[in-house]
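Here is the structure we will look at, set down as structure tokens.
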Amino acid sequence: MTIYELIYKANENDGNASHPVGLYSSFENAKTAGERLFKNITGQKEFYWTMEYGTYVRFDGENGATSCLDIIPVEVDSVLM
């Protein structure tokens with residue numbers, strides 16, 4: 001079974017500073033959550049996660065850093081669920 005993890009990094013270049021946002025049952029649910037988070041972080045009213053972005057979105061964050069959102073598929077053993 002595959003679930004999808006949404007990850008936020010305030011600074012793309014800091015490999016240790018990723019923050020898991022949540023686990024989602026479908027890629028579409030993870031995209032929707034990522035769109036909401038992007039709007040909350042940036043204050044922009046419009047953002048839609050399109051195939052152009054794939055599973056990774058980069059954007060201008062605070063203090064000149066490049067922030068990013070990433071959706072990672074995670075295989076889980078359905079017996080554990």
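Every chain in the structure tokens takes a letter, A first, then B, and so on in the order presented; its residues are numbered from 1, and the ligands are numbered from 1 following the presented order.
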For this session: Would you please extract all alpha helix (DSSP H) residues from segment 2-81 of chain A, as assigned by DSSP on the backbone, and give them as a PyMOL selection string?
Result: chain A and resi 27-42
Selected residues written out, C-alpha atoms, as a CSV table (one decimal), in the first residue's frame:
chain,number,residue,atom,x,y,z
A,27,PHE,CA,-1.5,12.0,-4.1
A,28,GLU,CA,-4.4,14.3,-4.8
A,29,ASN,CA,-5.0,14.8,-1.0
A,30,ALA,CA,-1.3,15.6,-0.5
A,31,LYS,CA,-1.4,18.1,-3.4
A,32,THR,CA,-4.4,19.9,-1.9
A,33,ALA,CA,-2.7,20.1,1.5
A,34,GLY,CA,0.4,21.4,-0.2
A,35,GLU,CA,-1.6,24.1,-2.0
A,36,ARG,CA,-3.2,25.3,1.2
A,37,LEU,CA,0.2,25.3,3.0
A,38,PHE,CA,1.8,27.2,0.1
A,39,LYS,CA,-0.9,29.9,0.3
A,40,ASN,CA,-0.5,30.1,4.1
A,41,ILE,CA,3.2,30.5,4.0
A,42,THR,CA,3.5,32.9,1.1
Problem set entry | Contacts of Gly61 of chain A within 8 Å, only C-alpha atoms, excl. fewer than 5 positions in-chain, as JSON, numbers by chain | {"A": [10, 11, 42, 66, 67]}
For this session: From a DSSP calculation on the backbone, collect every residue of chain A in strand (DSSP E) and output the set as a PyMOL selection string.
Result: chain A and resi 2-9+18-24+56-60+66-75
Problem set entry | Contact residues around segment 3-6 of chain A with only C-alpha atoms at 9 Å, ignoring same-chain residues under 3 positions, as an NGL selection string | :A and (19-27 or 29-31 or 33-34 or 69-76)
For this session: In Å, rounded to a single decimal, give me how far atom CA of Tyr48 of chain A is from atom CA of Asn13 of chain A.
Result: 24.0 Å
For this session: Figure out the distance between atom CA of Met1 of chain A and atom CA of Asp77 of chain A, please, to one decimal in Å.
Result: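 Straight-line distance from atom CA of Asp77 of chain A to atom CA of Met1 of chain A works out to 6.4 Å.
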Exercise. In Å to one decimal, how far is atom CA of Asn16 of chain A from atom CA of Met51 of chain A?
Worked result: 27.0 Å
